[in-house]
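Structure file protein21.csv (CSV, C-alpha atoms) is printed below.
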chain,number,residue,atom,x,y,z
V,1,MET,CA,57.4,-53.2,-135.6
V,2,ARG,CA,60.3,-53.8,-137.9
V,3,PHE,CA,60.9,-57.2,-136.3
V,4,LEU,CA,57.3,-58.2,-136.8
V,5,PHE,CA,57.4,-57.1,-140.4
V,6,ILE,CA,60.5,-59.2,-141.1
V,7,LEU,CA,58.9,-62.1,-139.3
V,8,PHE,CA,55.7,-61.7,-141.4
V,9,LEU,CA,57.8,-61.7,-144.7
V,10,SER,CA,59.7,-64.8,-143.5
V,11,VAL,CA,56.5,-66.7,-142.7
V,12,THR,CA,54.9,-65.6,-146.0
V,13,PHE,CA,58.0,-66.7,-148.0
V,14,GLN,CA,58.1,-70.1,-146.3
V,15,THR,CA,54.4,-70.6,-147.0
V,16,ILE,CA,54.8,-69.7,-150.7
V,17,THR,CA,57.8,-71.9,-151.0
V,18,SER,CA,56.1,-74.9,-149.3
V,19,GLN,CA,53.1,-74.4,-151.6
V,20,ASN,CA,55.3,-74.6,-154.6
V,21,GLN,CA,57.1,-77.7,-153.5
V,22,PHE,CA,56.1,-81.1,-154.8
V,23,VAL,CA,55.0,-83.6,-152.1
V,24,PRO,CA,54.1,-87.0,-153.5
V,25,VAL,CA,50.8,-88.2,-152.1
V,26,ASP,CA,50.9,-92.0,-151.7
V,27,VAL,CA,47.1,-92.7,-151.9
V,28,PRO,CA,46.6,-96.5,-151.7
V,29,TYR,CA,46.2,-97.8,-155.2
V,30,LYS,CA,42.8,-99.5,-154.6
V,31,MET,CA,41.4,-96.4,-153.0
V,32,ALA,CA,42.6,-94.3,-155.9
V,33,LEU,CA,40.9,-96.6,-158.4
V,34,GLU,CA,37.6,-96.4,-156.3
V,35,ASN,CA,37.9,-92.6,-156.3
V,36,ALA,CA,38.4,-92.6,-160.0
V,37,LYS,CA,35.2,-94.6,-160.5
V,38,LYS,CA,33.2,-92.4,-158.2
V,39,GLU,CA,34.4,-89.1,-159.7
V,40,GLY,CA,34.5,-90.4,-163.3
V,41,LYS,CA,38.1,-89.3,-163.8
V,42,PRO,CA,41.2,-91.1,-165.1
V,43,LEU,CA,43.8,-92.3,-162.6
V,44,PHE,CA,47.2,-90.6,-162.8
V,45,VAL,CA,50.1,-92.7,-161.4
V,46,MET,CA,53.7,-91.5,-161.2
V,47,LEU,CA,56.3,-94.2,-160.7
V,48,TYR,CA,59.6,-92.9,-159.3
V,49,ALA,CA,62.6,-93.7,-157.2
V,50,ASP,CA,64.3,-91.4,-154.7
V,51,TRP,CA,67.7,-92.0,-156.4
V,52,CYS,CA,66.5,-91.1,-159.9
V,53,PRO,CA,67.7,-87.6,-161.0
V,54,HIS,CA,65.1,-87.4,-163.7
V,55,CYS,CA,62.4,-88.0,-161.2
V,56,ASN,CA,63.7,-85.4,-158.8
V,57,LEU,CA,64.0,-82.9,-161.6
V,58,MET,CA,60.3,-83.5,-162.6
V,59,LYS,CA,59.3,-83.0,-159.0
V,60,THR,CA,61.2,-79.8,-158.4
V,61,GLU,CA,60.9,-78.2,-161.9
V,62,VAL,CA,57.5,-79.4,-163.2
V,63,LEU,CA,55.2,-81.0,-160.7
V,64,SER,CA,55.8,-78.2,-158.1
V,65,ASP,CA,54.3,-75.7,-160.5
V,66,PRO,CA,50.9,-74.5,-159.2
V,67,ALA,CA,49.2,-74.5,-162.6
V,68,ILE,CA,50.2,-78.2,-163.2
V,69,ILE,CA,49.3,-79.2,-159.6
V,70,ASP,CA,45.8,-77.6,-160.2
V,71,PHE,CA,45.4,-79.2,-163.6
V,72,LEU,CA,46.3,-82.7,-162.2
V,73,ASN,CA,44.0,-82.4,-159.2
V,74,THR,CA,41.1,-81.0,-161.3
V,75,ASN,CA,41.2,-83.6,-164.0
V,76,PHE,CA,42.7,-86.8,-162.5
V,77,ILE,CA,42.8,-88.8,-159.3
V,78,CYS,CA,46.5,-88.8,-158.5
V,79,THR,CA,48.8,-91.1,-156.6
V,80,TYR,CA,52.6,-91.4,-156.6
V,81,LYS,CA,54.4,-94.6,-156.0
V,82,ASN,CA,58.1,-95.3,-155.2
V,83,ILE,CA,59.1,-98.4,-157.2
V,84,GLU,CA,61.2,-99.7,-154.3
V,85,LYS,CA,58.2,-99.9,-151.9
V,86,GLU,CA,55.2,-102.3,-151.8
V,87,GLU,CA,52.6,-101.0,-154.2
V,88,GLY,CA,55.2,-99.3,-156.3
V,89,ILE,CA,57.0,-102.7,-156.9
V,90,VAL,CA,53.7,-104.3,-157.9
V,91,LEU,CA,52.8,-101.5,-160.3
V,92,LYS,CA,56.3,-101.4,-161.8
V,93,ASN,CA,56.0,-105.1,-162.6
V,94,LYS,CA,52.4,-105.0,-163.6
V,95,PHE,CA,53.0,-102.3,-166.2
V,96,ASN,CA,56.5,-103.5,-167.2
V,97,THR,CA,58.2,-100.2,-166.3
V,98,LYS,CA,61.8,-99.9,-167.3
V,99,SER,CA,62.3,-96.2,-167.4
V,100,LEU,CA,61.9,-93.5,-164.7
V,101,PRO,CA,60.0,-91.5,-164.1
V,102,THR,CA,57.0,-93.2,-165.7
V,103,PHE,CA,53.5,-91.6,-165.7
V,104,LEU,CA,50.6,-94.0,-166.2
V,105,PHE,CA,47.1,-92.8,-167.1
V,106,LEU,CA,44.5,-95.5,-166.4
V,107,ASP,CA,40.7,-95.7,-166.7
V,108,SER,CA,38.7,-97.1,-163.7
V,109,ASN,CA,39.0,-100.6,-165.2
V,110,GLU,CA,42.8,-100.3,-165.0
V,111,THR,CA,43.1,-100.1,-168.8
V,112,LEU,CA,46.2,-98.1,-169.8
V,113,ILE,CA,44.9,-95.1,-171.8
V,114,TYR,CA,48.2,-93.1,-172.0
V,115,ALA,CA,51.7,-93.3,-170.7
V,116,LEU,CA,54.8,-91.0,-170.6
V,117,LYS,CA,58.3,-91.5,-169.5
V,118,GLY,CA,61.3,-89.3,-168.7
V,119,GLU,CA,61.9,-85.6,-168.2
V,120,MET,CA,59.8,-82.9,-169.8
V,121,LYS,CA,59.5,-79.2,-169.7
V,122,LYS,CA,56.4,-77.6,-168.1
V,123,ALA,CA,54.7,-76.7,-171.3
V,124,GLU,CA,55.3,-80.1,-172.9
V,125,PHE,CA,54.1,-81.9,-169.8
V,126,GLN,CA,50.9,-79.9,-169.6
V,127,ASN,CA,50.2,-80.5,-173.3
V,128,GLU,CA,50.7,-84.2,-172.7
V,129,LEU,CA,48.2,-84.1,-169.8
V,130,ARG,CA,45.7,-82.5,-172.2
V,131,TYR,CA,46.3,-85.2,-174.8
V,132,ALA,CA,45.8,-87.9,-172.1
V,133,LEU,CA,42.2,-86.5,-171.6
V,134,ASN,CA,41.4,-86.6,-175.4
V,135,LYS,CA,39.8,-89.9,-176.2
V,136,LYS,CA,41.0,-89.7,-179.9
V,137,MET,CA,44.6,-89.5,-178.7
V,138,GLN,CA,44.4,-92.3,-176.2
V,139,LEU,CA,45.9,-95.7,-176.8
V,140,PRO,CA,42.8,-97.8,-176.9
V,141,TYR,CA,41.2,-95.6,-179.6
V,142,LEU,CA,44.4,-95.4,-181.6
V,143,GLU,CA,45.0,-99.2,-181.4
V,144,LYS,CA,41.4,-99.8,-182.6
V,145,GLU,CA,41.8,-97.5,-185.5
V,146,PHE,CA,45.2,-99.1,-186.5
V,147,LEU,CA,43.9,-102.7,-186.2
V,148,ALA,CA,40.9,-101.8,-188.4
V,149,ASP,CA,43.3,-100.9,-191.2
V,150,PRO,CA,46.8,-102.3,-190.4
V,151,SER,CA,48.3,-101.5,-193.7
V,152,ASN,CA,47.6,-97.8,-193.2
V,153,SER,CA,51.0,-96.2,-192.4
V,154,ASP,CA,49.5,-93.0,-191.1
V,155,LYS,CA,47.3,-94.8,-188.5
V,156,PHE,CA,50.2,-97.1,-187.6
V,157,PHE,CA,52.6,-94.2,-187.0
V,158,THR,CA,50.1,-92.2,-185.0
V,159,TYR,CA,49.6,-95.3,-182.8
V,160,LEU,CA,53.3,-96.1,-182.6
V,161,ASN,CA,54.4,-92.5,-181.8
V,162,THR,CA,51.9,-92.3,-179.0
V,163,LEU,CA,52.9,-95.8,-177.7
V,164,LYS,CA,56.6,-95.0,-177.5
V,165,LYS,CA,56.0,-91.9,-175.4
V,166,GLY,CA,55.7,-94.2,-172.4
V,167,LYS,CA,56.8,-97.7,-173.5
V,168,ASP,CA,60.1,-99.5,-173.9
V,169,ARG,CA,61.2,-100.1,-177.5
V,170,THR,CA,60.6,-103.8,-177.2
V,171,GLU,CA,56.9,-103.2,-176.6
V,172,LEU,CA,56.6,-101.5,-179.9
V,173,SER,CA,57.4,-104.8,-181.6
V,174,ILE,CA,53.8,-106.3,-181.7
V,175,PRO,CA,52.1,-103.4,-183.7
V,176,THR,CA,55.2,-103.0,-185.8
V,177,HIS,CA,55.1,-106.6,-187.0
V,178,ILE,CA,51.3,-106.4,-187.5
V,179,TYR,CA,51.9,-103.5,-189.9
V,180,LEU,CA,55.0,-105.0,-191.6
V,181,ASN,CA,53.1,-108.3,-192.3
V,182,THR,CA,51.0,-106.3,-194.7
V,183,GLN,CA,54.1,-105.4,-196.7
V,184,SER,CA,55.9,-107.6,-199.2
V,185,ASP,CA,59.6,-108.2,-199.0
V,186,LYS,CA,60.2,-105.7,-201.8
V,187,GLN,CA,58.0,-103.1,-200.2
V,188,LEU,CA,60.2,-103.3,-197.1
V,189,VAL,CA,62.9,-101.4,-199.0
V,190,SER,CA,61.4,-97.9,-198.8
V,191,GLU,CA,62.3,-94.8,-196.7
V,192,LEU,CA,59.0,-95.1,-194.8
V,193,ASN,CA,59.3,-98.8,-194.0
V,194,TRP,CA,63.0,-98.4,-193.0
V,195,ARG,CA,61.7,-95.9,-190.4
V,196,VAL,CA,59.3,-98.6,-189.2
V,197,ILE,CA,62.0,-101.2,-189.0
V,198,ALA,CA,64.5,-98.8,-187.3
V,199,ASN,CA,62.0,-97.8,-184.7
V,200,GLY,CA,60.0,-100.9,-184.0
V,201,VAL,CA,61.8,-104.1,-185.0
V,202,THR,CA,63.6,-105.7,-182.0
V,203,ASP,CA,63.4,-109.4,-182.8
V,204,ILE,CA,66.7,-110.6,-184.3
V,205,LYS,CA,65.0,-113.7,-185.9
V,206,SER,CA,62.2,-111.7,-187.5
V,207,ARG,CA,61.6,-111.8,-191.2
V,208,GLU,CA,62.1,-108.1,-191.5
V,209,PHE,CA,65.5,-108.0,-189.7
V,210,GLN,CA,66.8,-111.0,-191.6
V,211,TYR,CA,65.8,-109.2,-194.8
V,212,VAL,CA,67.8,-106.2,-193.7
V,213,ILE,CA,70.8,-108.4,-193.0
V,214,ASN,CA,70.6,-110.0,-196.5
V,215,HIS,CA,69.9,-106.8,-198.4
V,216,GLN,CA,72.0,-104.2,-196.7
V,217,LYS,CA,73.0,-102.4,-199.9
V,218,GLU,CA,69.4,-101.9,-200.9
V,219,PHE,CA,68.5,-100.5,-197.5
V,220,ALA,CA,71.6,-98.2,-197.6
V,221,THR,CA,70.1,-96.5,-200.6
V,222,VAL,CA,66.9,-95.5,-198.7
V,223,ALA,CA,68.7,-94.8,-195.4
V,224,SER,CA,72.5,-95.0,-195.3
V,225,GLN,CA,75.0,-97.7,-194.6
V,226,ASN,CA,75.8,-96.0,-191.3
V,227,ARG,CA,72.2,-96.2,-190.2
V,228,VAL,CA,71.9,-99.8,-191.3
V,229,ASP,CA,75.0,-100.6,-189.3
V,230,ARG,CA,73.7,-98.9,-186.2
V,231,LYS,CA,70.4,-100.9,-186.5
V,232,ILE,CA,72.2,-104.2,-186.7
V,233,GLU,CA,74.4,-103.3,-183.7
V,234,SER,CA,71.5,-102.0,-181.7
V,235,ILE,CA,69.5,-105.2,-182.2
V,236,VAL,CA,72.4,-107.3,-181.0
V,237,ASN,CA,72.8,-105.0,-178.0
V,238,GLU,CA,69.1,-105.3,-177.2
V,239,LEU,CA,69.4,-109.1,-177.4
V,240,LEU,CA,72.6,-109.6,-175.3
V,241,ARG,CA,72.9,-106.6,-172.9
V,242,PRO,CA,70.0,-107.6,-170.5
V,243,LEU,CA,71.4,-111.1,-170.2
V,244,VAL,CA,74.9,-109.9,-169.3
V,245,ASP,CA,73.4,-107.2,-166.9
V,246,ASN,CA,71.5,-110.0,-165.1
V,247,LEU,CA,74.4,-112.5,-165.3
V,248,ASP,CA,72.0,-114.9,-167.1
V,249,THR,CA,74.7,-117.1,-168.5
V,250,ILE,CA,72.4,-120.0,-169.6
V,251,ASN,CA,70.3,-117.7,-171.8
V,252,TYR,CA,73.3,-115.6,-172.8
V,253,TYR,CA,75.1,-118.5,-174.5
V,254,LYS,CA,71.9,-119.6,-176.3
V,255,GLN,CA,71.2,-116.1,-177.7
V,256,ARG,CA,74.9,-115.6,-178.3
V,257,GLU,CA,74.7,-118.2,-181.1
V,258,VAL,CA,71.8,-116.3,-182.6
V,259,ALA,CA,73.9,-113.1,-182.7
V,260,LYS,CA,76.9,-115.0,-184.1
V,261,SER,CA,74.7,-116.4,-186.9
V,262,ILE,CA,74.6,-112.9,-188.5
V,263,ARG,CA,78.3,-113.5,-189.5
V,264,LEU,CA,79.4,-109.9,-189.7
V,265,GLN,CA,82.6,-108.5,-188.3
V,266,LYS,CA,80.8,-105.7,-186.5
V,267,THR,CA,78.4,-108.1,-184.7
V,268,ASP,CA,81.2,-110.6,-184.0
V,269,SER,CA,83.1,-107.7,-182.3
V,270,LEU,CA,80.1,-106.9,-180.2
V,271,VAL,CA,79.6,-110.5,-179.1
V,272,PHE,CA,83.3,-110.7,-178.3
V,273,LYS,CA,83.0,-107.7,-176.0
V,274,TYR,CA,80.0,-109.1,-174.3
V,275,ASP,CA,81.8,-112.4,-173.8
V,276,LEU,CA,84.6,-110.6,-172.0
V,277,THR,CA,82.2,-108.5,-169.9
V,278,LEU,CA,80.4,-111.6,-168.7
V,279,ALA,CA,83.7,-113.4,-168.0
V,280,GLU,CA,84.9,-110.4,-166.0
V,281,ARG,CA,81.7,-110.0,-164.0
V,282,THR,CA,81.6,-113.7,-163.2
V,283,GLU,CA,85.4,-113.7,-162.5
V,284,LYS,CA,86.1,-116.5,-164.9
V,285,TRP,CA,89.6,-115.5,-165.8
V,286,ASN,CA,90.5,-118.7,-167.7
V,287,LEU,CA,87.5,-118.1,-170.0
V,288,TYR,CA,88.5,-114.4,-170.3
V,289,LYS,CA,92.0,-115.5,-171.3
V,290,LYS,CA,90.7,-118.1,-173.8
V,291,VAL,CA,88.4,-115.6,-175.6
V,292,THR,CA,91.0,-112.9,-175.8
V,293,LEU,CA,93.8,-115.2,-177.0
V,294,GLU,CA,91.5,-116.5,-179.8
V,295,ASP,CA,89.9,-113.4,-181.1
V,296,THR,CA,91.6,-110.1,-179.9
V,297,GLN,CA,93.7,-109.7,-183.0
V,298,LYS,CA,90.8,-110.7,-185.3
V,299,LEU,CA,88.0,-108.5,-183.8
V,300,VAL,CA,89.4,-105.5,-182.0
V,301,TRP,CA,92.8,-105.0,-183.5
V,302,ASN,CA,92.0,-101.3,-184.5
V,303,ASP,CA,90.3,-100.4,-181.2
V,304,ALA,CA,93.1,-98.8,-179.1
V,305,SER,CA,90.9,-98.1,-176.1
V,306,PHE,CA,89.6,-101.7,-175.9
V,307,LEU,CA,93.1,-103.2,-176.4
V,308,LYS,CA,94.2,-101.2,-173.3
V,309,ASP,CA,91.1,-102.4,-171.4
V,310,ILE,CA,92.2,-106.0,-172.1
V,311,GLY,CA,95.8,-105.2,-171.1
V,312,ASN,CA,94.6,-103.7,-167.8
V,313,THR,CA,92.5,-106.8,-167.1
V,314,TYR,CA,95.5,-109.0,-167.7
V,315,LEU,CA,97.6,-106.8,-165.5
V,316,LYS,CA,95.2,-107.3,-162.6
V,317,HIS,CA,94.1,-110.9,-163.0
V,318,ILE,CA,96.4,-113.0,-165.3
V,319,LYS,CA,99.6,-114.4,-163.9
V,320,ASP,CA,101.3,-116.7,-166.5
V,321,THR,CA,104.2,-115.0,-168.4
V,322,GLU,CA,103.3,-116.2,-171.9
V,323,SER,CA,99.8,-114.8,-171.6
V,324,LEU,CA,101.1,-111.5,-170.2
V,325,LYS,CA,103.5,-111.3,-173.2
V,326,LYS,CA,100.4,-111.5,-175.5
V,327,ALA,CA,98.8,-108.7,-173.5
V,328,ILE,CA,102.0,-106.6,-174.1
V,329,SER,CA,101.7,-107.2,-177.8
V,330,TRP,CA,98.1,-105.9,-177.7
V,331,VAL,CA,99.1,-102.8,-175.8
V,332,ASP,CA,102.0,-102.3,-178.3
V,333,ARG,CA,99.3,-102.3,-181.0
V,334,SER,CA,97.2,-99.7,-179.0
V,335,LEU,CA,100.3,-97.5,-178.9
V,336,GLU,CA,100.8,-97.8,-182.6
V,337,LEU,CA,97.2,-96.5,-183.0
V,338,ASN,CA,97.5,-93.8,-180.2
V,339,ASN,CA,100.8,-93.1,-178.4
V,340,SER,CA,99.2,-92.3,-175.0
V,341,TYR,CA,100.3,-91.7,-171.5
V,342,ASP,CA,98.1,-94.4,-170.0
V,343,GLY,CA,99.1,-96.9,-172.7
V,344,ASN,CA,102.9,-96.4,-172.0
V,345,LEU,CA,102.2,-96.6,-168.2
V,346,LEU,CA,100.3,-99.8,-168.7
V,347,GLU,CA,103.0,-101.3,-170.9
V,348,ALA,CA,105.6,-100.4,-168.2
V,349,LYS,CA,103.5,-102.2,-165.5
V,350,LEU,CA,103.0,-105.3,-167.7
V,351,TYR,CA,106.8,-105.5,-168.3
V,352,ASN,CA,107.4,-105.0,-164.6
V,353,LYS,CA,105.0,-107.9,-163.8
V,354,ILE,CA,107.0,-110.3,-166.0
V,355,LYS,CA,110.2,-108.9,-164.4
V,356,ASN,CA,111.6,-107.2,-167.5
V,357,LYS,CA,113.0,-104.1,-165.8
V,358,LYS,CA,114.8,-102.7,-168.8
V,359,LYS,CA,111.6,-102.5,-170.9
V,360,ALA,CA,109.5,-101.4,-167.9
V,361,LEU,CA,111.9,-98.4,-167.5
V,362,GLU,CA,111.7,-97.6,-171.2
V,363,TYR,CA,107.9,-97.3,-171.2
V,364,ALA,CA,107.8,-95.6,-167.8
V,365,LYS,CA,110.1,-92.9,-169.2
V,366,ASN,CA,107.9,-92.5,-172.2
V,367,ALA,CA,104.9,-92.0,-170.0
V,368,LYS,CA,106.8,-89.5,-167.9
V,369,ALA,CA,107.8,-87.5,-171.0
V,370,ILE,CA,104.2,-87.4,-172.2
V,371,ALA,CA,103.0,-86.2,-168.8
V,372,LYS,CA,105.7,-83.5,-168.7
V,373,GLU,CA,104.8,-82.3,-172.2
V,374,MET,CA,101.1,-82.2,-171.4
V,375,ASP,CA,101.7,-80.7,-167.9
V,376,TRP,CA,99.8,-83.6,-166.4
V,377,ASN,CA,100.1,-85.0,-162.9
V,378,SER,CA,102.8,-87.7,-163.1
V,379,LYS,CA,102.5,-89.1,-159.5
V,380,GLU,CA,101.7,-92.6,-160.6
V,381,VAL,CA,104.5,-93.0,-163.1
V,382,ASP,CA,106.9,-91.3,-160.7
V,383,THR,CA,106.1,-93.9,-158.1
V,384,LEU,CA,106.7,-96.7,-160.6
V,385,LEU,CA,110.0,-95.1,-161.7
V,386,ALA,CA,111.2,-94.9,-158.1
V,387,GLU,CA,110.3,-98.5,-157.6
V,388,LEU,CA,112.1,-99.6,-160.8
V,389,ASN,CA,115.2,-97.6,-160.0
V,390,THR,CA,115.6,-99.2,-156.6
V,391,LYS,CA,115.4,-102.8,-157.9

So, in terms of structure tokens, how does the structure I just supplied come out?
Amino acid sequence: MRFLFILFLSVTFQTITSQNQFVPVDVPYKMALENAKKEGKPLFVMLYADWCPHCNLMKTEVLSDPAIIDFLNTNFICTYKNIEKEEGIVLKNKFNTKSLPTFLFLDSNETLIYALKGEMKKAEFQNELRYALNKKMQLPYLEKEFLADPSNSDKFFTYLNTLKKGKDRTELSIPTHIYLNTQSDKQLVSELNWRVIANGVTDIKSREFQYVINHQKEFATVASQNRVDRKIESIVNELLRPLVDNLDTINYYKQREVAKSIRLQKTDSLVFKYDLTLAERTEKWNLYKKVTLEDTQKLVWNDASFLKDIGNTYLKHIKDTESLKKAISWVDRSLELNNSYDGNLLEAKLYNKIKNKKKALEYAKNAKAIAKEMDWNSKEVDTLLAELNTK
């Protein structure tokens, strides 16, 4: 009897566990749309990837909850698509999905009525599901209300805040510029309109962003200079990062000139770093050397970490002695800013590469002393010291 009782408990526990586990149901998209039409329900589509930790957390912590499962199945026709497989790839491209997980809510005509992205707690997600069912909180209704009165900041923000729950920042640009076109240049300099610009302006050539560039002091009075700086940097990042990530050198060098036209030290420094990243990723070491020799001292002279990054790249990929001596001078500068273990070790390796044993030993000993003082593992510098002492 005791054995049977334990077996019963084991089976019961497994059944409860399996009931609370999320199993994505990959209903064919066309069939799901047809079912949505028949039953008069919205279509709920989750786009995910097996490697996405945020997707997996939503599956295990939220979508496995019986109350949420019941709410979804009662109010929506549901399907779940892996963005690396067939229909998932098509839907990812169709709805311009750039974040995971993404949750799409569509009517039977495939109109996007609501969208969400990222991780959420159970209560927040369930509230969002309710909002998705409320016609006055859906995107088509909010867009119509906004377009009927585009100068109304309340209607604009209601639409924008709902839109950005599930869309990439670049997709906020169209309604943002519709609203801002109702504002004069002078009206742009207000706390409210700064919020609009900070959240929705992504076009570096736009009237609004160019006005920010030319009136930074005025905007700093309604925001702060730090926030203005962050906006300028973020818009350059948004312009150049995707091109570097995709190794799109043709368009990168076109857009690079647009970013350089801002003519500010902070944006020139960003462009410099992207130039080096692109040269590294395409393994164009002569270009890397040319860019660093021209602009390192001018643009990153007070960035100890980046100076060491450049020094490490020279150590690995640059061979001529004169260029390596320049790299040594840059690492010297990084040590002036921050006398670090890794900086001294790098300096020792660079001197070793140009066969200056005396200086290599000096910096290796410095690194060893720092490692000893901090009680760090000194295996790497010990190996270098042993090599230098046998030469």

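Note that atom CA of V:Arg195 and atom CA of V:Asp268 are 25.2 Å apart.
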
task: Would you list the contacts of V:Ser190 as an MDAnalysis selection string, taking every protein, DNA or RNA residue within 10 Å and counting all atoms listed in the file, but skipping same-chain residues closer than 5 positions in sequence?
output: chainID V and resid 195:196 218:219 221:223

field: Atomic separation - atom CA of V:Ala367 relative to atom CA of V:Ser340, Å
entry: 7.6 Å

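Considering the residues V:Pro66, V:Pro42, V:Pro53, V:Gly88 and counting all atoms listed in the file, V:Tyr29 has its shortest atom-to-atom contact with V:Gly88.
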
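A straight line drawn from atom CA of V:Leu116 to atom CA of V:Lys98 is 11.8 Å long.
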
- request: Rank V:Glu233, V:Leu133, V:Pro150, V:Val189 by their smallest atom-to-atom distance to V:Lys41, using all atoms listed in the file, and report the top residue only.
  value: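 Smallest separation from V:Lys41 among the options: V:Leu133.
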
message: So that I can see what lies close to V:Lys136, please list as a ChimeraX atom specification the residues with an atom at most 12 Å from it, counting all atoms listed in the file and leaving out residues fewer than 6 positions away in the same chain.
response: /V:113-114,130,142-145,155,158-159,162

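Among the candidate residues V:Ile310, V:Leu293, V:Leu139, V:Ile204, the one lying nearest to V:Thr267 is V:Ile204, with distances computed using all atoms listed in the file.
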
message: I'd like to know which of V:Leu335, V:Ile328, V:Glu61, V:Phe44 is closest to V:Lys359, using all atoms listed in the file.
response: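 That would be V:Ile328, the residue with the smallest distance to V:Lys359.
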
query: Any idea what's packed within 10 Å of V:Gln255, counting only C-alpha atoms, ignoring anything in its chain fewer than 2 positions away? Could you give it as a count of residues only?
result: 15

For V:Lys37, work out the shell of residues within 9 Å, counting only C-alpha atoms and skipping chain neighbours fewer than 3 positions away, then give it as a PDB file with C-alpha atoms, in the coordinates of the input.
ATOM      1  CA  ALA V  32      42.600 -94.300-155.900  1.00  0.00           C
ATOM      2  CA  LEU V  33      40.900 -96.600-158.400  1.00  0.00           C
ATOM      3  CA  GLU V  34      37.600 -96.400-156.300  1.00  0.00           C
ATOM      4  CA  GLY V  40      34.500 -90.400-163.300  1.00  0.00           C
ATOM      5  CA  LYS V  41      38.100 -89.300-163.800  1.00  0.00           C
ATOM      6  CA  PRO V  42      41.200 -91.100-165.100  1.00  0.00           C
ATOM      7  CA  ASP V 107      40.700 -95.700-166.700  1.00  0.00           C
ATOM      8  CA  SER V 108      38.700 -97.100-163.700  1.00  0.00           C
ATOM      9  CA  ASN V 109      39.000-100.600-165.200  1.00  0.00           C
TER      10      ASN V 109
END
